[in-house]
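K.L.:
Sharing protein_19.txt below, compact mmCIF, C-alpha atoms and all ligand atoms:
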# COMPACT_ATOMS: atom_id res chain seq x y z
CA MET A 8 -7.80 8.50 14.75
CA LEU A 9 -6.93 7.52 11.15
CA ARG A 10 -8.98 4.47 10.18
CA ILE A 11 -7.01 2.30 7.75
CA GLY A 12 -8.32 -0.38 5.40
CA VAL A 13 -5.57 -2.80 4.27
CA MET A 14 -5.92 -4.84 1.08
CA VAL A 15 -3.86 -8.02 0.72
CA SER A 16 -3.25 -11.01 -1.56
CA GLY A 17 -0.43 -12.94 0.11
CA GLY A 18 1.52 -13.64 3.27
CA GLY A 19 0.70 -10.29 4.85
CA THR A 20 4.21 -9.38 6.01
CA ASN A 21 3.58 -5.74 5.07
CA LEU A 22 0.29 -5.83 7.00
CA GLN A 23 2.20 -7.28 9.94
CA ALA A 24 4.78 -4.50 9.75
CA ILE A 25 1.98 -1.92 10.01
CA LEU A 26 0.43 -3.71 12.99
CA ASP A 27 3.83 -3.95 14.70
CA ARG A 28 4.44 -0.19 14.25
CA ILE A 29 1.01 0.52 15.73
CA ASP A 30 1.89 -1.72 18.69
CA ASP A 31 5.29 -0.11 19.29
CA GLY A 32 3.84 3.40 19.14
CA THR A 33 5.56 4.48 15.92
CA LEU A 34 2.19 4.81 14.26
CA LYS A 35 0.10 7.00 16.58
CA ASN A 36 -3.59 7.76 16.02
CA CYS A 37 -3.79 4.95 13.46
CA GLU A 38 -5.98 1.85 13.52
CA VAL A 39 -6.37 -0.96 10.97
CA VAL A 40 -10.17 -1.35 10.99
CA THR A 41 -10.56 -3.89 8.19
CA VAL A 42 -8.53 -6.23 5.97
CA VAL A 43 -9.74 -7.17 2.49
CA ALA A 44 -8.11 -10.15 0.75
CA SER A 45 -8.39 -10.77 -2.99
CA ARG A 46 -8.51 -14.53 -2.44
CA GLU A 47 -9.19 -17.19 0.19
CA GLY A 48 -6.56 -18.90 2.26
CA VAL A 49 -3.82 -16.26 2.27
CA TYR A 50 -1.85 -16.00 5.51
CA ALA A 51 -2.59 -12.28 5.74
CA LEU A 52 -6.13 -13.30 6.77
CA GLU A 53 -4.67 -15.30 9.68
CA ARG A 54 -2.69 -12.25 10.79
CA ALA A 55 -5.87 -10.15 10.80
CA LYS A 56 -7.80 -12.84 12.67
CA LYS A 57 -5.10 -13.06 15.37
CA ARG A 58 -5.55 -9.33 15.93
CA GLY A 59 -9.34 -9.49 15.90
CA ILE A 60 -9.50 -7.28 12.81
CA PRO A 61 -12.62 -7.84 10.64
CA ALA A 62 -11.35 -9.50 7.46
CA VAL A 63 -13.19 -10.43 4.28
CA VAL A 64 -12.39 -11.94 0.91
CA ILE A 65 -13.63 -9.87 -2.03
CA SER A 66 -12.34 -11.47 -5.19
CA ARG A 67 -12.29 -9.74 -8.58
CA LYS A 68 -13.28 -13.06 -10.18
CA SER A 69 -16.67 -12.91 -8.42
CA PHE A 70 -17.70 -9.87 -10.47
CA ASP A 71 -18.36 -9.50 -14.19
CA THR A 72 -17.17 -5.91 -14.39
CA ILE A 73 -14.62 -3.79 -12.57
CA GLU A 74 -17.44 -1.33 -11.85
CA GLU A 75 -19.33 -3.97 -9.86
CA TYR A 76 -16.11 -4.92 -8.08
CA ASP A 77 -15.40 -1.29 -7.24
CA SER A 78 -18.89 -0.70 -5.87
CA VAL A 79 -18.62 -3.62 -3.45
CA LEU A 80 -15.16 -2.49 -2.31
CA ILE A 81 -16.38 1.11 -1.89
CA ALA A 82 -19.38 -0.03 0.17
CA HIS A 83 -17.14 -2.14 2.39
CA MET A 84 -14.58 0.58 3.04
CA LYS A 85 -17.29 3.19 3.66
CA LYS A 86 -18.98 0.83 6.13
CA PHE A 87 -15.76 0.96 8.14
CA ASN A 88 -15.35 4.70 7.59
CA VAL A 89 -11.87 4.17 6.17
CA GLY A 90 -9.76 7.32 5.74
CA LEU A 91 -6.74 5.63 4.13
CA VAL A 92 -6.61 2.53 1.93
CA VAL A 93 -3.28 0.64 1.97
CA LEU A 94 -2.49 -1.92 -0.75
CA ALA A 95 -0.06 -4.31 0.98
CA GLY A 96 0.79 -6.92 -1.60
CA PHE A 97 -2.67 -6.58 -3.19
CA LEU A 98 -2.65 -7.95 -6.73
CA SER A 99 -5.95 -6.89 -8.29
CA LEU A 100 -6.27 -3.65 -10.24
CA LEU A 101 -8.71 -1.13 -8.75
CA GLY A 102 -11.09 0.72 -11.02
CA GLU A 103 -11.61 4.45 -11.56
CA ASP A 104 -14.62 4.56 -9.22
CA PHE A 105 -12.71 3.21 -6.24
CA VAL A 106 -9.64 5.36 -6.91
CA LYS A 107 -11.88 8.46 -7.18
CA ALA A 108 -13.71 7.59 -3.96
CA TRP A 109 -10.41 7.78 -2.01
CA LYS A 110 -8.69 10.39 -4.16
CA ASN A 111 -5.04 10.56 -3.06
CA ALA A 112 -5.85 8.40 -0.06
CA ILE A 113 -4.84 5.02 -1.45
CA ILE A 114 -1.19 4.02 -1.18
CA ASN A 115 0.64 0.99 -2.59
CA ILE A 116 3.96 -0.65 -1.78
CA HIS A 117 5.95 -1.90 -4.78
CA PRO A 118 9.16 -3.99 -4.57
CA SER A 119 11.36 -1.93 -6.90
CA LEU A 120 12.48 1.66 -7.46
CA ILE A 121 9.67 2.82 -9.75
CA PRO A 122 9.81 3.49 -12.74
CA SER A 123 12.12 0.46 -13.00
CA PHE A 124 10.72 -3.07 -12.94
CA CYS A 125 7.07 -2.11 -12.48
CA GLY A 126 3.73 -2.19 -14.28
CA LYS A 127 1.38 -5.01 -15.23
CA GLY A 128 2.77 -8.43 -14.27
CA PHE A 129 5.61 -7.05 -12.13
CA TYR A 130 4.71 -8.49 -8.74
CA GLY A 131 6.01 -11.07 -6.27
CA ILE A 132 9.39 -12.47 -7.32
CA LYS A 133 9.39 -11.02 -10.87
CA PRO A 134 10.73 -7.51 -10.08
CA HIS A 135 13.70 -9.14 -8.35
CA GLN A 136 14.32 -11.62 -11.18
CA LYS A 137 14.33 -8.74 -13.67
CA ALA A 138 16.61 -6.61 -11.48
CA LEU A 139 19.16 -9.44 -11.31
CA GLU A 140 18.86 -10.17 -15.03
CA TYR A 141 19.48 -6.52 -15.82
CA GLY A 142 22.44 -6.41 -13.48
CA VAL A 143 21.43 -3.36 -11.44
CA LYS A 144 23.63 -2.64 -8.40
CA VAL A 145 20.79 -1.07 -6.47
CA THR A 146 17.09 -1.85 -6.31
CA GLY A 147 14.61 -1.13 -3.52
CA ALA A 148 11.01 -0.34 -2.68
CA THR A 149 8.55 2.42 -3.52
CA VAL A 150 5.39 3.69 -1.84
CA HIS A 151 3.14 5.68 -4.14
CA PHE A 152 -0.38 7.05 -4.40
CA VAL A 153 -2.60 4.75 -6.42
CA GLU A 154 -4.04 5.69 -9.80
CA PRO A 155 -6.01 3.38 -12.13
CA GLU A 156 -2.86 2.21 -13.99
CA TYR A 157 -0.49 -0.25 -12.25
CA ASP A 158 2.31 1.36 -10.19
CA SER A 159 1.78 4.76 -11.84
CA GLY A 160 0.80 7.24 -9.12
CA PRO A 161 2.94 9.99 -7.52
CA ILE A 162 5.81 8.62 -5.46
CA ILE A 163 5.70 9.24 -1.71
CA LEU A 164 8.84 7.45 -0.46
CA GLN A 165 11.54 5.20 -1.88
CA LYS A 166 14.29 3.21 -0.20
CA ALA A 167 17.33 1.85 -2.01
CA VAL A 168 18.60 -1.65 -1.24
CA GLU A 169 21.99 -2.96 -2.44
CA VAL A 170 22.12 -5.96 -4.77
CA HIS A 171 24.72 -8.53 -3.66
CA GLN A 172 26.80 -10.46 -6.21
CA ASP A 173 25.55 -13.81 -4.88
CA ASP A 174 21.90 -12.80 -4.67
CA THR A 175 19.14 -15.06 -5.91
CA PRO A 176 15.71 -13.56 -6.60
CA GLU A 177 14.59 -14.98 -3.25
CA THR A 178 17.46 -13.52 -1.19
CA LEU A 179 17.03 -10.17 -2.90
CA GLN A 180 13.25 -10.19 -2.32
CA LYS A 181 13.80 -10.92 1.37
CA ARG A 182 16.23 -8.02 1.79
CA VAL A 183 13.99 -5.61 -0.16
CA MET A 184 11.03 -6.56 2.03
CA GLU A 185 12.96 -6.35 5.32
CA GLN A 186 15.03 -3.23 4.59
CA GLY A 187 12.67 -1.52 2.16
CA GLU A 188 8.97 -2.33 2.11
CA TRP A 189 8.38 -2.93 5.80
CA VAL A 190 10.13 0.36 6.65
CA ILE A 191 8.77 2.85 4.11
CA LEU A 192 5.16 1.64 4.06
CA SER A 193 4.69 2.41 7.74
CA GLU A 194 6.62 5.69 7.36
CA ALA A 195 4.32 6.77 4.52
CA ILE A 196 1.28 5.97 6.69
CA ARG A 197 2.80 8.00 9.54
CA LEU A 198 3.33 11.02 7.27
CA PHE A 199 -0.20 10.67 5.86
CA SER A 200 -1.70 10.41 9.36
CA GLN A 201 0.11 13.62 10.31
CA GLY A 202 -1.30 15.42 7.27
CA ARG A 203 2.21 16.10 6.01
CA LEU A 204 1.78 14.98 2.39
CA SER A 205 0.75 17.30 -0.43
CA LEU A 206 0.98 17.19 -4.20
CA ASN A 207 2.53 19.62 -6.63
CA GLY A 208 1.76 18.06 -9.99
CA ARG A 209 3.31 14.59 -9.79
CA LYS A 210 5.68 15.64 -7.01
CA VAL A 211 4.75 14.62 -3.46
CA LEU A 212 5.88 17.24 -0.91
CA ILE A 213 6.50 16.26 2.70
CA SER A 214 6.02 19.12 5.16
CA GLU A 215 7.72 19.45 8.56
CA GLY A 216 5.69 19.39 11.73
CA ASN A 217 2.78 17.33 12.74
CA ASN A 218 -0.72 18.58 12.03
CA THR A 219 -2.55 15.35 12.75
CA ILE A 220 -6.14 15.62 11.63
CA THR A 221 -9.13 13.41 12.40
CA ASN A 222 -10.41 10.62 10.22
CA GLU A 223 -13.47 12.68 9.27
CA GLU A 224 -11.37 15.65 8.19
CA LYS A 225 -9.06 13.21 6.41
CA SER A 226 -11.99 11.61 4.59
CA ASP A 227 -13.37 15.02 3.59
CA ARG A 228 -10.02 16.28 2.41
CA CYS A 229 -9.07 13.07 0.66
CA ALA A 230 -12.43 12.73 -1.00
CA GLY A 231 -11.22 15.73 -2.93
CA LEU A 232 -13.73 18.07 -1.28
CA ARG A 233 -10.94 20.51 -0.62
CA GLY A 234 -8.99 19.72 -3.74
CA ASP A 235 -5.69 19.32 -1.93
CA ILE A 236 -4.47 16.08 -0.43
CA CYS A 237 -3.50 15.10 3.07
C1 LIG A 301 5.74 -9.25 -1.74
O1 LIG A 301 6.38 -9.75 -2.88
C2 LIG A 301 5.94 -7.79 -1.67
O2 LIG A 301 7.14 -7.43 -2.31
C3 LIG A 301 4.80 -7.20 -2.44
O3 LIG A 301 3.73 -8.13 -2.30
C4 LIG A 301 4.25 -9.41 -1.94
C5 LIG A 301 3.56 -9.98 -0.75
O4 LIG A 301 3.81 -9.17 0.35
N1 LIG A 301 4.45 -5.91 -1.90
P1 LIG A 301 3.09 -9.49 1.77
O5 LIG A 301 4.01 -10.43 2.53
O6 LIG A 301 1.76 -10.15 1.47
O7 LIG A 301 2.96 -8.18 2.44
For this file, write the structure as structure tokens.
P.N.:
Amino acid sequence: MLRIGVMVSGGGTNLQAILDRIDDGTLKNCEVVTVVASREGVYALERAKKRGIPAVVISRKSFDTIEEYDSVLIAHMKKFNVGLVVLAGFLSLLGEDFVKAWKNAIINIHPSLIPSFCGKGFYGIKPHQKALEYGVKVTGATVHFVEPEYDSGPIILQKAVEVHQDDTPETLQKRVMEQGEWVILSEAIRLFSQGRLSLNGRKVLISEGNNTITNEEKSDRCAGLRGDIC
């Protein structure tokens, strides 16, 4: 069983998509064991509560340094024996310590086709505003492994979404979430849970076949003990 820790900052629609795929059997041998929100009062916490998933708020503002923040996050995820960390609309930057603790086992969903419209400050509605301002005909969503810099890790999956002539940032965001984010985030988790992802430099390779491994093996492998990734 792959034990997943999901980190959120907003409405939790990406979290909900993961839970729905677990319920409909698309995501086998996966369980969301904890939800960590960066702030109080976000609806993602309600979604976790409805499912009886232990949820906590761990806010960056409560800590003087990113190292302190990291150590609390690491302790929390280790307490739940998390094998994969999923950033689902999570807006705080994670430090080196946390990223190292789950080497190549932290994935993030971003609402654009990286390397366009990404980096510090590009979250929420902004990527869609910038895509419309630029006049792109296609935008989309990206799932990538997390490294200490915003939106910079190796790309796992991307999904293109057409821009319509009458789009507003809001209508475009809705279509990117529905047709892009909610689809590829769960697919990336499925591939990870089946041990089908590996890295060749920056390139993420997806192997055929399904060699599902246990959470413990996953944790060992992804803690970098074997050097390769899941
Ligand atoms: C959305 O803008 C999404 O594009 C990005 O984070 C925001 C909140 O998503 N990933 P969610 O509804 O909290 O999953």
K.L.:
Could you list, as a CSV table (one decimal) with C-alpha atoms, in the coordinates of the input, every residue within 6 Å of segment 177-194 of chain A, counting all atoms listed in the file and ignoring same-chain residues fewer than 3 positions away?
P.N.:
chain,number,residue,atom,x,y,z
A,21,ASN,CA,3.6,-5.7,5.1
A,24,ALA,CA,4.8,-4.5,9.8
A,25,ILE,CA,2.0,-1.9,10.0
A,147,GLY,CA,14.6,-1.1,-3.5
A,148,ALA,CA,11.0,-0.3,-2.7
A,166,LYS,CA,14.3,3.2,-0.2
A,174,ASP,CA,21.9,-12.8,-4.7
A,197,ARG,CA,2.8,8.0,9.5
K.L.:
Find, counting only C-alpha atoms, the residue in A:Val145, A:Ala138, A:Cys125, A:Leu212 that gets nearest to Pro176 of chain A.
P.N.:
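Counting only C-alpha atoms, the residue closest to Pro176 of chain A is A:Ala138.
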K.L.:
Could you pull the residues within 10 Å of segment 70-76 of chain A, counting all atoms listed in the file, minus those fewer than 2 positions along the same chain, as a PDB file with C-alpha atoms, in the frame of the given file?
P.N.:
ATOM      1  CA  ILE A  65     -13.630  -9.870  -2.030  1.00  0.00           C
ATOM      2  CA  SER A  66     -12.340 -11.470  -5.190  1.00  0.00           C
ATOM      3  CA  ARG A  67     -12.290  -9.740  -8.580  1.00  0.00           C
ATOM      4  CA  LYS A  68     -13.280 -13.060 -10.180  1.00  0.00           C
ATOM      5  CA  SER A  78     -18.890  -0.700  -5.870  1.00  0.00           C
ATOM      6  CA  VAL A  79     -18.620  -3.620  -3.450  1.00  0.00           C
ATOM      7  CA  LEU A  80     -15.160  -2.490  -2.310  1.00  0.00           C
ATOM      8  CA  ILE A  81     -16.380   1.110  -1.890  1.00  0.00           C
ATOM      9  CA  LEU A 100      -6.270  -3.650 -10.240  1.00  0.00           C
ATOM     10  CA  LEU A 101      -8.710  -1.130  -8.750  1.00  0.00           C
ATOM     11  CA  GLY A 102     -11.090   0.720 -11.020  1.00  0.00           C
ATOM     12  CA  GLU A 103     -11.610   4.450 -11.560  1.00  0.00           C
ATOM     13  CA  ASP A 104     -14.620   4.560  -9.220  1.00  0.00           C
ATOM     14  CA  PHE A 105     -12.710   3.210  -6.240  1.00  0.00           C
TER      15      PHE A 105
END
K.L.:
Counting only C-alpha atoms and all ligand atoms, what residues are within 8 Å of ligand LIG 301 (chain A), given as a PyMOL selection string?
P.N.:
chain A and resi 15-23+50-51+95-98+115-118+130-132+180+183-184+188
K.L.:
For a quick check of understanding, using all atoms listed in the file, which of A:Gly216, A:Gln201, A:Lys57, A:Asn88 has the smallest distance to Ile11 of chain A?
P.N.:
A:Asn88
K.L.:
Counting all atoms listed in the file, which of A:Ala108, A:Val49, A:Ala44, A:Ala82 gets nearest to Leu94 of chain A?
P.N.:
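The closest residue to Leu94 of chain A is A:Ala44.
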K.L.:
Find, counting all atoms listed in the file, the residue in A:Val211, A:Val39, A:Ala55, A:Leu9 that gets nearest to Leu164 of chain A.
P.N.:
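Counting all atoms listed in the file, the residue closest to Leu164 of chain A is A:Val211.
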K.L.:
Tell me, in Å to one decimal, how far atom CA of Ile162 of chain A is from atom CA of Gly12 of chain A.
P.N.:
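Atom-to-atom, atom CA of Ile162 of chain A to atom CA of Gly12 of chain A, that is 20.0 Å.
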K.L.:
What separation in Å, quoted to one decimal, exists between atom CA of Glu47 of chain A and atom CA of Ala195 of chain A?
P.N.:
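Atom CA of Ala195 of chain A lies at a distance of 27.8 Å from atom CA of Glu47 of chain A.
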K.L.:
Mind giving me the straight-line distance from atom CA of Glu140 of chain A to atom CA of Pro122 of chain A in Å, one decimal?
P.N.:
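Value for the atom CA of Glu140 of chain A-atom CA of Pro122 of chain A distance: 16.5 Å.
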K.L.:
Filtering to N, CA and C atoms, could segment 54-77 of chain A of the supplied structure be written out as a PDB file, in the first residue's frame?
P.N.:
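The file below, result-v2.pdb, is the result:
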ATOM      1  N   ARG A  54     -12.846  18.623   3.066  1.00  0.00           N
ATOM      2  CA  ARG A  54     -12.853  17.387   2.252  1.00  0.00           C
ATOM      3  C   ARG A  54     -12.164  16.234   2.980  1.00  0.00           C
ATOM      4  N   ALA A  55     -11.049  16.576   3.662  1.00  0.00           N
ATOM      5  CA  ALA A  55     -10.322  15.538   4.413  1.00  0.00           C
ATOM      6  C   ALA A  55     -11.175  15.044   5.575  1.00  0.00           C
ATOM      7  N   LYS A  56     -11.799  15.995   6.256  1.00  0.00           N
ATOM      8  CA  LYS A  56     -12.618  15.664   7.444  1.00  0.00           C
ATOM      9  C   LYS A  56     -13.765  14.720   7.052  1.00  0.00           C
ATOM     10  N   LYS A  57     -14.394  15.026   5.915  1.00  0.00           N
ATOM     11  CA  LYS A  57     -15.531  14.206   5.440  1.00  0.00           C
ATOM     12  C   LYS A  57     -15.087  12.759   5.207  1.00  0.00           C
ATOM     13  N   ARG A  58     -13.813  12.598   4.870  1.00  0.00           N
ATOM     14  CA  ARG A  58     -13.295  11.261   4.575  1.00  0.00           C
ATOM     15  C   ARG A  58     -12.608  10.644   5.790  1.00  0.00           C
ATOM     16  N   GLY A  59     -12.631  11.387   6.901  1.00  0.00           N
ATOM     17  CA  GLY A  59     -11.987  10.850   8.121  1.00  0.00           C
ATOM     18  C   GLY A  59     -10.480  10.773   8.008  1.00  0.00           C
ATOM     19  N   ILE A  60      -9.913  11.632   7.168  1.00  0.00           N
ATOM     20  CA  ILE A  60      -8.438  11.636   7.001  1.00  0.00           C
ATOM     21  C   ILE A  60      -7.844  12.642   7.988  1.00  0.00           C
ATOM     22  N   PRO A  61      -6.877  12.215   8.826  1.00  0.00           N
ATOM     23  CA  PRO A  61      -6.239  13.156   9.764  1.00  0.00           C
ATOM     24  C   PRO A  61      -5.685  14.359   9.010  1.00  0.00           C
ATOM     25  N   ALA A  62      -6.118  15.542   9.416  1.00  0.00           N
ATOM     26  CA  ALA A  62      -5.689  16.774   8.722  1.00  0.00           C
ATOM     27  C   ALA A  62      -5.182  17.772   9.750  1.00  0.00           C
ATOM     28  N   VAL A  63      -4.089  18.452   9.383  1.00  0.00           N
ATOM     29  CA  VAL A  63      -3.517  19.466  10.281  1.00  0.00           C
ATOM     30  C   VAL A  63      -3.182  20.720   9.474  1.00  0.00           C
ATOM     31  N   VAL A  64      -3.069  21.824  10.206  1.00  0.00           N
ATOM     32  CA  VAL A  64      -2.577  23.064   9.595  1.00  0.00           C
ATOM     33  C   VAL A  64      -1.162  23.280  10.098  1.00  0.00           C
ATOM     34  N   ILE A  65      -0.219  23.357   9.190  1.00  0.00           N
ATOM     35  CA  ILE A  65       1.177  23.671   9.553  1.00  0.00           C
ATOM     36  C   ILE A  65       1.573  24.850   8.670  1.00  0.00           C
ATOM     37  N   SER A  66       1.571  26.028   9.274  1.00  0.00           N
ATOM     38  CA  SER A  66       1.748  27.249   8.479  1.00  0.00           C
ATOM     39  C   SER A  66       3.189  27.743   8.541  1.00  0.00           C
ATOM     40  N   ARG A  67       3.715  28.096   7.391  1.00  0.00           N
ATOM     41  CA  ARG A  67       5.103  28.595   7.296  1.00  0.00           C
ATOM     42  C   ARG A  67       5.297  29.787   8.227  1.00  0.00           C
ATOM     43  N   LYS A  68       4.231  30.599   8.371  1.00  0.00           N
ATOM     44  CA  LYS A  68       4.342  31.833   9.181  1.00  0.00           C
ATOM     45  C   LYS A  68       4.616  31.538  10.655  1.00  0.00           C
ATOM     46  N   SER A  69       4.321  30.294  11.077  1.00  0.00           N
ATOM     47  CA  SER A  69       4.522  29.954  12.500  1.00  0.00           C
ATOM     48  C   SER A  69       5.982  29.673  12.825  1.00  0.00           C
ATOM     49  N   PHE A  70       6.840  29.682  11.812  1.00  0.00           N
ATOM     50  CA  PHE A  70       8.243  29.300  12.042  1.00  0.00           C
ATOM     51  C   PHE A  70       9.188  30.400  11.565  1.00  0.00           C
ATOM     52  N   ASP A  71      10.231  30.628  12.334  1.00  0.00           N
ATOM     53  CA  ASP A  71      11.184  31.700  11.973  1.00  0.00           C
ATOM     54  C   ASP A  71      12.018  31.308  10.753  1.00  0.00           C
ATOM     55  N   THR A  72      12.357  30.043  10.671  1.00  0.00           N
ATOM     56  CA  THR A  72      13.237  29.642   9.542  1.00  0.00           C
ATOM     57  C   THR A  72      12.599  28.494   8.763  1.00  0.00           C
ATOM     58  N   ILE A  73      13.021  28.353   7.519  1.00  0.00           N
ATOM     59  CA  ILE A  73      12.496  27.262   6.691  1.00  0.00           C
ATOM     60  C   ILE A  73      12.986  25.922   7.244  1.00  0.00           C
ATOM     61  N   GLU A  74      14.134  25.947   7.926  1.00  0.00           N
ATOM     62  CA  GLU A  74      14.659  24.695   8.505  1.00  0.00           C
ATOM     63  C   GLU A  74      13.718  24.176   9.610  1.00  0.00           C
ATOM     64  N   GLU A  75      13.245  25.125  10.430  1.00  0.00           N
ATOM     65  CA  GLU A  75      12.300  24.714  11.493  1.00  0.00           C
ATOM     66  C   GLU A  75      11.011  24.182  10.875  1.00  0.00           C
ATOM     67  N   TYR A  76      10.555  24.897   9.843  1.00  0.00           N
ATOM     68  CA  TYR A  76       9.322  24.496   9.138  1.00  0.00           C
ATOM     69  C   TYR A  76       9.494  23.098   8.575  1.00  0.00           C
ATOM     70  N   ASP A  77      10.594  22.892   7.883  1.00  0.00           N
ATOM     71  CA  ASP A  77      10.889  21.576   7.296  1.00  0.00           C
ATOM     72  C   ASP A  77      10.874  20.481   8.351  1.00  0.00           C
TER      73      ASP A  77
END
